[in-house]
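K.L.:
Just one file: protein-v7.txt, with compact mmCIF, C-alpha atoms.
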```txt
# COMPACT_ATOMS: atom_id res chain seq x y z
CA MET A 1 89.19 -22.18 10.99
CA ALA A 2 86.20 -22.88 8.74
CA LYS A 3 84.52 -24.45 11.63
CA GLY A 4 85.10 -21.35 13.77
CA LYS A 5 83.84 -18.98 11.09
CA ASN A 6 80.71 -20.92 10.59
CA GLY A 7 79.98 -20.85 14.33
CA PRO A 8 79.85 -17.08 14.77
CA ALA A 9 78.00 -16.62 11.51
CA LYS A 10 75.27 -18.88 12.65
CA GLY A 11 74.99 -17.09 15.95
CA LYS A 12 74.81 -13.67 14.28
CA SER A 13 72.29 -14.79 11.78
CA GLY A 14 70.16 -16.34 14.50
CA SER A 15 70.39 -13.18 16.61
CA THR A 16 69.35 -10.88 13.75
CA GLY A 17 66.39 -13.08 12.75
CA THR A 18 64.98 -13.14 16.27
CA LYS A 19 65.34 -9.42 16.73
CA GLY A 20 63.46 -8.47 13.51
CA ARG A 21 60.48 -10.85 13.88
CA ARG A 22 57.18 -9.48 15.25
CA PRO A 23 55.59 -11.41 18.08
CA ALA A 24 52.45 -13.34 17.18
CA PRO A 25 49.19 -11.59 18.22
CA PRO A 26 47.53 -13.05 21.31
CA VAL A 27 44.65 -15.40 20.67
CA ALA A 28 41.43 -13.66 21.86
CA ALA A 29 39.34 -15.76 24.20
CA ARG A 30 35.72 -16.17 23.00
CA ARG A 31 33.26 -14.64 25.41
CA ALA A 32 30.32 -16.73 26.62
CA THR A 33 26.84 -15.53 25.57
CA PRO A 34 25.09 -13.94 28.61
CA TRP A 35 21.93 -16.03 28.28
CA GLY A 36 20.61 -14.82 31.65
CA LEU A 37 20.72 -11.19 30.51
CA VAL A 38 19.14 -12.08 27.17
CA ALA A 39 16.31 -13.93 28.89
CA ALA A 40 15.72 -11.05 31.31
CA THR A 41 15.63 -8.54 28.43
CA VAL A 42 13.14 -10.65 26.50
CA ALA A 43 10.97 -11.01 29.58
CA VAL A 44 10.94 -7.23 30.12
CA VAL A 45 9.99 -6.61 26.47
CA VAL A 46 7.20 -9.20 26.56
CA PHE A 47 5.85 -7.72 29.80
CA ALA A 48 5.91 -4.20 28.35
CA VAL A 49 4.06 -5.29 25.21
CA ALA A 50 1.47 -7.15 27.30
CA ALA A 51 0.99 -4.16 29.60
CA ILE A 52 0.51 -1.79 26.67
CA GLY A 53 -1.94 -4.19 25.03
CA TYR A 54 -3.91 -4.53 28.26
CA ALA A 55 -4.05 -0.76 28.66
CA VAL A 56 -5.34 -0.33 25.11
CA VAL A 57 -8.04 -2.95 25.71
CA LYS A 58 -9.13 -1.27 28.95
CA VAL A 59 -9.29 2.13 27.26
CA HIS A 60 -11.57 0.76 24.56
CA GLU A 61 -13.59 -1.17 27.12
CA ASN A 62 -14.31 1.98 29.14
CA GLN A 63 -14.67 4.25 26.15
CA PRO A 64 -18.23 5.60 25.99
CA ILE A 65 -20.36 4.20 23.21
CA ASP A 66 -22.01 6.57 20.76
CA PRO A 67 -24.93 8.07 22.76
CA ALA A 68 -27.57 7.30 20.14
CA LYS A 69 -26.32 3.73 19.71
CA GLY A 70 -26.31 3.28 23.46
CA VAL A 71 -29.95 4.30 23.82
CA ALA A 72 -30.95 2.16 20.84
CA ASP A 73 -29.08 -0.87 22.15
CA VAL A 74 -30.28 -0.74 25.75
CA LYS A 75 -33.91 -0.73 24.58
CA LYS A 76 -33.28 -4.15 23.00
CA ILE A 77 -32.40 -5.78 26.33
CA PRO A 78 -35.14 -8.24 27.34
CA GLY A 79 -36.98 -7.07 30.44
CA ILE A 80 -35.63 -3.51 30.33
CA ILE A 81 -37.86 -0.86 31.94
CA ASN A 82 -37.89 2.52 30.24
CA GLU A 83 -40.01 5.51 31.21
CA THR A 84 -39.92 9.19 30.38
CA ILE A 85 -39.46 11.11 33.62
CA ASN A 86 -40.06 14.83 33.60
CA ALA A 87 -40.18 15.57 37.32
CA ARG A 88 -36.75 16.57 38.58
CA GLN A 89 -37.17 19.37 41.05
CA HIS A 90 -35.06 19.79 44.17
CA THR A 91 -36.42 19.04 47.61
CA SER A 92 -34.88 18.36 50.98
CA ASP A 93 -37.94 16.33 51.99
CA PRO A 94 -38.39 12.59 51.49
CA VAL A 95 -39.84 11.63 48.11
CA LYS A 96 -42.22 8.79 47.29
CA TYR A 97 -41.04 7.11 44.11
CA ASP A 98 -42.95 4.88 41.70
CA HIS A 99 -40.04 2.44 41.37
CA SER A 100 -37.91 0.66 43.92
CA PRO A 101 -35.07 1.44 43.53
CA PRO A 102 -36.06 4.75 41.90
CA ILE A 103 -35.00 5.63 38.36
CA GLY A 104 -35.57 9.37 38.40
CA GLY A 105 -37.83 12.09 39.67
CA ASN A 106 -37.62 14.86 42.24
CA HIS A 107 -34.52 14.59 44.38
CA ASP A 108 -32.32 16.12 47.04
CA PRO A 109 -30.16 19.12 46.04
CA ASP A 110 -27.12 17.20 47.33
CA TRP A 111 -26.02 14.26 45.19
CA ALA A 112 -24.43 11.04 46.37
CA ASP A 113 -20.80 10.65 45.36
CA CYS A 114 -20.76 8.71 42.09
CA SER A 115 -17.06 8.76 41.25
CA GLY A 116 -16.82 4.98 41.21
CA THR A 117 -18.06 4.70 44.79
CA VAL A 118 -18.73 1.40 46.53
CA TYR A 119 -21.12 1.93 49.45
CA THR A 120 -21.21 -0.91 51.94
CA ALA A 121 -24.54 0.18 53.43
CA ALA A 122 -27.81 1.35 51.89
CA ILE A 123 -27.95 5.03 50.95
CA ARG A 124 -30.76 7.57 50.72
CA ASN A 125 -32.83 7.35 47.52
CA GLU A 126 -33.16 11.10 47.07
CA ASN A 127 -29.39 11.58 46.91
CA ALA A 128 -28.85 8.61 44.62
CA VAL A 129 -31.47 9.86 42.15
CA HIS A 130 -29.57 13.13 41.82
CA THR A 131 -26.58 11.15 40.54
CA LEU A 132 -28.79 9.56 37.86
CA GLU A 133 -29.67 13.06 36.69
CA HIS A 134 -25.94 13.69 36.24
CA GLY A 135 -25.52 10.58 34.09
CA SER A 136 -24.49 7.91 36.57
CA VAL A 137 -25.48 4.26 36.72
CA TRP A 138 -26.51 3.05 40.17
CA ILE A 139 -26.04 -0.67 40.82
CA THR A 140 -28.01 -2.10 43.74
CA TYR A 141 -27.98 -5.61 45.17
CA GLN A 142 -29.57 -7.69 47.90
CA PRO A 143 -27.76 -7.24 51.23
CA ASN A 144 -27.22 -11.01 51.54
CA LEU A 145 -25.58 -11.33 48.12
CA PRO A 146 -22.49 -13.60 48.42
CA ALA A 147 -19.19 -11.75 48.83
CA GLY A 148 -17.85 -13.20 45.59
CA ASP A 149 -20.74 -11.74 43.62
CA VAL A 150 -20.35 -8.38 45.36
CA ASP A 151 -16.68 -8.39 44.33
CA LYS A 152 -17.67 -8.96 40.71
CA LEU A 153 -19.84 -5.85 40.83
CA LYS A 154 -17.08 -3.89 42.53
CA SER A 155 -14.77 -4.67 39.62
CA VAL A 156 -16.87 -2.53 37.27
CA VAL A 157 -17.66 0.21 39.79
CA ASP A 158 -14.65 0.95 41.97
CA GLY A 159 -12.86 4.01 40.60
CA LYS A 160 -15.09 4.28 37.50
CA ASN A 161 -16.63 7.74 37.24
CA TYR A 162 -20.43 8.02 36.91
CA THR A 163 -20.85 4.73 38.74
CA LEU A 164 -21.95 3.80 42.26
CA MET A 165 -23.22 0.69 44.01
CA SER A 166 -24.94 -0.06 47.31
CA PRO A 167 -26.95 -2.80 49.00
CA TYR A 168 -30.71 -2.27 48.80
CA PRO A 169 -32.96 -3.86 51.45
CA GLY A 170 -36.13 -5.37 50.00
CA LEU A 171 -34.76 -5.64 46.46
CA LYS A 172 -36.86 -8.23 44.59
CA THR A 173 -33.95 -9.71 42.60
CA LYS A 174 -30.29 -10.27 43.35
CA VAL A 175 -29.20 -7.22 41.36
CA SER A 176 -30.81 -4.22 39.70
CA LEU A 177 -29.33 -1.54 37.45
CA GLN A 178 -30.60 2.02 37.36
CA ALA A 179 -29.99 4.96 35.03
CA TRP A 180 -32.25 7.95 34.52
CA GLY A 181 -35.51 6.48 33.19
CA TYR A 182 -34.09 2.95 32.82
CA GLN A 183 -34.04 -0.11 35.06
CA LEU A 184 -33.05 -3.74 34.68
CA PHE A 185 -33.64 -6.46 37.28
CA LEU A 186 -31.28 -9.45 37.22
CA ASP A 187 -31.91 -12.79 38.93
CA SER A 188 -28.19 -13.52 38.85
CA VAL A 189 -24.98 -11.54 38.67
CA ASP A 190 -24.82 -11.50 34.87
CA MET A 191 -21.65 -9.47 34.31
CA GLY A 192 -22.13 -9.43 30.56
CA MET A 193 -25.47 -7.68 31.00
CA VAL A 194 -24.09 -5.39 33.70
CA LYS A 195 -21.27 -4.25 31.41
CA ARG A 196 -23.68 -3.76 28.53
CA PHE A 197 -25.96 -1.55 30.65
CA LEU A 198 -22.95 0.49 31.78
CA ARG A 199 -21.62 0.82 28.26
CA ASP A 200 -24.97 1.97 26.90
CA LEU A 201 -26.11 4.41 29.57
CA ARG A 202 -23.24 5.58 31.74
CA ASP A 203 -22.86 9.34 31.17
CA ASN A 204 -24.99 9.11 28.04
CA SER A 205 -25.73 12.65 26.84
CA GLN A 206 -28.91 11.53 25.05
CA ASN A 207 -30.39 10.09 28.23
CA ALA A 208 -29.25 11.95 31.35
CA PRO A 209 -30.93 15.34 31.88
CA GLU A 210 -27.61 16.81 33.06
CA PRO A 211 -24.91 14.74 31.32
CA HIS A 212 -21.30 15.13 32.40
CA GLY A 213 -22.51 16.50 35.73
CA VAL A 214 -20.34 16.61 38.82
CA CYS A 215 -19.93 13.27 40.58
CA ALA A 216 -17.49 14.11 43.35
CA ASN A 217 -19.06 14.81 46.74
CA PRO A 218 -16.54 13.98 49.51
CA ASN A 219 -18.98 14.97 52.25
CA PHE A 220 -21.48 12.34 51.18
CA LYS A 221 -18.84 9.76 50.30
CA PHE A 222 -17.36 9.70 53.78
CA ALA A 223 -20.63 10.26 55.64
CA PRO A 224 -23.41 8.82 53.41
CA LEU A 225 -26.99 9.40 54.43
CA PRO A 226 -29.01 6.25 55.17
CA PRO A 227 -32.48 5.58 53.72
CA GLY A 228 -35.33 7.42 55.33
CA PRO A 229 -39.15 7.49 55.15
CA THR A 230 -40.62 8.14 51.72
CA PRO A 231 -43.85 10.14 51.96
CA THR A 232 -44.92 12.29 49.04
CA ALA A 233 -42.95 15.53 49.12
CA THR A 234 -43.76 19.00 47.86
CA PRO A 235 -40.63 19.93 45.94
CA ALA A 236 -39.11 23.33 45.40
CA PRO A 237 -38.05 24.42 41.91
CA SER A 238 -34.72 23.01 40.85
CA THR A 239 -31.83 25.41 40.56
CA SER A 240 -30.03 23.05 38.19
CA ALA A 241 -30.58 23.65 34.51
CA PRO A 242 -29.94 20.75 32.11
CA LYS A 243 -26.79 20.99 30.04
CA SER A 244 -26.06 19.06 26.89
CA SER A 245 -22.30 19.34 27.06
CA GLY A 246 -19.50 20.44 29.29
CA SER A 247 -19.51 20.02 33.05
CA ALA A 248 -22.77 20.62 34.81
CA THR A 249 -22.46 22.24 38.22
CA PRO A 250 -25.75 21.87 40.05
CA SER A 251 -26.53 24.20 42.92
CA PRO A 252 -25.97 24.14 45.80
CA SER A 253 -22.62 22.48 45.35
CA PRO A 254 -20.90 20.44 48.04
CA THR A 255 -17.25 20.81 48.84
CA LYS A 256 -15.18 19.62 45.89
CA PRO A 257 -11.85 17.81 46.20
```
Here is the file; what I need is its structure written in the form of structure tokens.
P.N.:
Amino acid sequence: MAKGKNGPAKGKSGSTGTKGRRPAPPVAARRATPWGLVAATVAVVVFAVAAIGYAVVKVHENQPIDPAKGVADVKKIPGIINETINARQHTSDPVKYDHSPPIGGNHDPDWADCSGTVYTAAIRNENAVHTLEHGSVWITYQPNLPAGDVDKLKSVVDGKNYTLMSPYPGLKTKVSLQAWGYQLFLDSVDMGMVKRFLRDLRDNSQNAPEPHGVCANPNFKFAPLPPGPTPTATPAPSTSAPKSSGSATPSPSPTKP
């Protein structure tokens, strides 16, 4: 009998203990670190920081220098030509200039497009000079200049407002730089000097007679006039008055974009 009593008691006790016990929590599996995603995220962040830094550098690089400092600095460049030019009347006739390429003087009423325009053929002096009056820098080069050197010049012209470039037959050096009243001849494509000239004189309100003038001229950009004869012309009075600030709008004005 004792044996029988102990049997059921053990079974009851065992049944009650199992029923009241909570199951053990499952062991959570440790997730693997997504190193591919981490690396991709880091790469995106690094690229973004580099892009922002590059943009900031380019903004400062293209930011106009103080006008007075620009004029003072450019006069220190060895070999720089600087003349005061008072003649700036409009004429549709060819003009005989004292410099080749010209650096100012009487000019055509219609200006060459100077909104960072790369001309692949020579353009008419009288239209180019009008852009100098508006504050542009005109870069000219020998027609046989190697393509690599031409590309270097393009890098500081293409898309940069108040800048234009074109080949110039008969140019005495490989490259020459022109702003109103200023000229620099270069025997080599010295990009440091090119950038300095641009920084000092491009759209400089203390140099250009009509600073901040209009550069866009789609008609000329897509159908540029070639060079013509250059006899002395009898100009008509200019209808463009110089402006020290704001946007100059010389007359007559070509179609604007």
K.L.:
Identify which of the residues A:Arg88, A:Lys154, A:Lys172, A:Arg196 lies closest to A:Thr120, counting only C-alpha atoms when measuring atom-to-atom distances.
P.N.:
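Using only C-alpha atoms, the shortest distance to A:Thr120 belongs to A:Lys154.
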K.L.:
Between A:Pro224, A:Gly116, A:Ala208, A:Ala122, which residue has the minimum interatomic distance to A:Gly170, considering all atoms listed in the file?
P.N.:
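Checking each of A:Pro224, A:Gly116, A:Ala208, A:Ala122 against A:Gly170, counting all atoms listed in the file, the winner is A:Ala122.
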K.L.:
Quick check, in Å to one decimal: how far apart do atom CA of A:Ala72 and atom CA of A:Gly181 lie?
P.N.:
13.9 Å
K.L.:
Let me make sure I understand: among A:Asn219, A:Asp149, A:Asn161, A:Ser155, which one has the smallest atom-to-atom distance to A:Val189 if we use all atoms listed in the file?
P.N.:
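Counting all atoms listed in the file, the residue closest to A:Val189 is A:Asp149.
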K.L.:
Quick one: everything within 9 Å of A:Met191, counting only C-alpha atoms, minus sequence neighbours fewer than 3 positions away in the same chain. Send it as an NGL selection string.
P.N.:
:A and (152-153 or 156 or 188 or 194-196)
K.L.:
Using only C-alpha atoms for the distances, tell me which of A:Val150, A:Ala179, A:Met193, A:Leu225 is nearest to A:Val71.
P.N.:
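When distances to A:Val71 are compared using only C-alpha atoms, the smallest one comes from A:Ala179.
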K.L.:
Could you name the residues that touch A:Ala223 at 12 Å or less, counting all atoms listed in the file, but leaving out those on the same chain fewer than 2 positions away, as a compact mmCIF listing (two decimals) with C-alpha atoms, in the frame of the given file?
P.N.:
```
# COMPACT_ATOMS: atom_id res chain seq x y z
CA ALA A 112 -24.43 11.04 46.37
CA ASP A 113 -20.80 10.65 45.36
CA TYR A 119 -21.12 1.93 49.45
CA THR A 120 -21.21 -0.91 51.94
CA ALA A 121 -24.54 0.18 53.43
CA ILE A 123 -27.95 5.03 50.95
CA ARG A 124 -30.76 7.57 50.72
CA ASN A 217 -19.06 14.81 46.74
CA PRO A 218 -16.54 13.98 49.51
CA ASN A 219 -18.98 14.97 52.25
CA PHE A 220 -21.48 12.34 51.18
CA LYS A 221 -18.84 9.76 50.30
CA LEU A 225 -26.99 9.40 54.43
CA PRO A 226 -29.01 6.25 55.17
```
K.L.:
Between A:Thr84, A:Thr163, A:Thr117, A:Ser92, single out the one closest to A:Gly104, counting only C-alpha atoms.
P.N.:
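Of the candidates, the smallest distance to A:Gly104 is held by A:Thr84.
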K.L.:
Rounded to one decimal place, report the atom CA of A:Met165-atom CA of A:Arg199 distance in Å.
P.N.:
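Those two atoms sit 15.8 Å apart.
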K.L.:
Quick one: everything within 12 Å of A:Pro78, counting all atoms listed in the file, minus sequence neighbours fewer than 4 positions away in the same chain. Send it as a PyMOL selection string.
P.N.:
chain A and resi 73-74+82+183-186+193+197
K.L.:
With a distance cut-off of 10 Å and all atoms listed in the file, select the neighbouring residues of A:Arg202, excluding the residue or stretch itself and same-chain residues fewer than 4 positions from it, and output the selection as a ChimeraX atom specification.
P.N.:
/A:62,64-65,67,70,132,134-138,161-163,178-180,196-198,207-208,211-212
K.L.:
Can you list, as a PyMOL selection string, every protein, DNA or RNA residue that comes within 8 Å of A:Pro143 when you count all atoms listed in the file, leaving out same-chain residues fewer than 3 positions away?
P.N.:
chain A and resi 167-169
K.L.:
Determine the nearest neighbour of A:Val175 from the options A:Val118, A:Pro229, A:Thr41, A:Pro101, counting all atoms listed in the file.
P.N.:
A:Pro101
K.L.:
Mind giving me the straight-line distance from atom CA of A:Leu164 to atom CA of A:Cys114 in Å, one decimal?
P.N.:
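Separating atom CA of A:Leu164 from atom CA of A:Cys114 is a distance of 5.1 Å.
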K.L.:
Return stretch 111-122 of chain A, completed with all heavy atoms, as a compact mmCIF listing (two decimals), in the coordinates of the input.
P.N.:
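Full text of part-v6.txt as output:
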```txt
# COMPACT_ATOMS: atom_id res chain seq x y z
N TRP A 111 -26.11 15.56 45.85
CA TRP A 111 -26.02 14.26 45.19
C TRP A 111 -25.09 13.32 45.95
O TRP A 111 -24.14 13.75 46.61
CB TRP A 111 -25.55 14.41 43.75
CG TRP A 111 -24.24 15.11 43.58
CD1 TRP A 111 -23.01 14.55 43.57
CD2 TRP A 111 -24.04 16.51 43.41
NE1 TRP A 111 -22.04 15.50 43.40
CE2 TRP A 111 -22.65 16.73 43.30
CE3 TRP A 111 -24.89 17.62 43.32
CZ2 TRP A 111 -22.09 17.99 43.11
CZ3 TRP A 111 -24.34 18.88 43.15
CH2 TRP A 111 -22.96 19.06 43.05
N ALA A 112 -25.35 12.04 45.82
CA ALA A 112 -24.43 11.04 46.37
C ALA A 112 -23.17 11.02 45.51
O ALA A 112 -23.23 11.29 44.32
CB ALA A 112 -25.08 9.66 46.38
N ASP A 113 -22.04 10.75 46.13
CA ASP A 113 -20.80 10.65 45.36
C ASP A 113 -20.92 9.48 44.38
O ASP A 113 -21.28 8.37 44.77
CB ASP A 113 -19.61 10.43 46.30
CG ASP A 113 -18.29 10.51 45.55
OD1 ASP A 113 -17.91 9.49 44.92
OD2 ASP A 113 -17.65 11.56 45.60
N CYS A 114 -20.62 9.75 43.12
CA CYS A 114 -20.76 8.71 42.09
C CYS A 114 -19.47 8.56 41.28
O CYS A 114 -19.49 8.19 40.12
CB CYS A 114 -21.94 9.01 41.17
SG CYS A 114 -21.92 10.64 40.38
N SER A 115 -18.35 8.85 41.93
CA SER A 115 -17.06 8.76 41.25
C SER A 115 -16.46 7.37 41.38
O SER A 115 -15.31 7.19 41.77
CB SER A 115 -16.10 9.81 41.82
OG SER A 115 -15.95 9.64 43.22
N GLY A 116 -17.27 6.36 41.07
CA GLY A 116 -16.82 4.98 41.21
C GLY A 116 -16.85 4.54 42.66
O GLY A 116 -15.94 3.89 43.15
N THR A 117 -17.97 4.88 43.34
CA THR A 117 -18.06 4.70 44.79
C THR A 117 -18.79 3.42 45.15
O THR A 117 -19.88 3.14 44.65
CB THR A 117 -18.79 5.90 45.42
OG1 THR A 117 -18.24 7.11 44.90
CG2 THR A 117 -18.65 5.89 46.93
N VAL A 118 -18.16 2.66 46.03
CA VAL A 118 -18.73 1.40 46.53
C VAL A 118 -19.23 1.65 47.96
O VAL A 118 -18.42 1.78 48.88
CB VAL A 118 -17.70 0.26 46.51
CG1 VAL A 118 -18.28 -1.00 47.12
CG2 VAL A 118 -17.23 0.00 45.08
N TYR A 119 -20.54 1.76 48.12
CA TYR A 119 -21.12 1.93 49.45
C TYR A 119 -21.39 0.56 50.05
O TYR A 119 -21.95 -0.31 49.38
CB TYR A 119 -22.42 2.74 49.36
CG TYR A 119 -22.23 4.17 48.88
CD1 TYR A 119 -22.44 4.50 47.54
CD2 TYR A 119 -21.84 5.17 49.76
CE1 TYR A 119 -22.27 5.81 47.09
CE2 TYR A 119 -21.67 6.48 49.32
CZ TYR A 119 -21.87 6.79 47.99
OH TYR A 119 -21.71 8.08 47.55
N THR A 120 -21.01 0.38 51.28
CA THR A 120 -21.21 -0.91 51.94
C THR A 120 -22.52 -0.98 52.70
O THR A 120 -22.89 -2.04 53.21
CB THR A 120 -20.05 -1.21 52.90
OG1 THR A 120 -19.94 -0.14 53.85
CG2 THR A 120 -18.73 -1.30 52.13
N ALA A 121 -23.22 0.13 52.78
CA ALA A 121 -24.54 0.18 53.43
C ALA A 121 -25.50 0.92 52.50
O ALA A 121 -25.08 1.66 51.61
CB ALA A 121 -24.44 0.87 54.79
N ALA A 122 -26.80 0.71 52.73
CA ALA A 122 -27.81 1.35 51.89
C ALA A 122 -27.72 2.87 52.03
O ALA A 122 -27.39 3.40 53.11
CB ALA A 122 -29.20 0.86 52.31
```
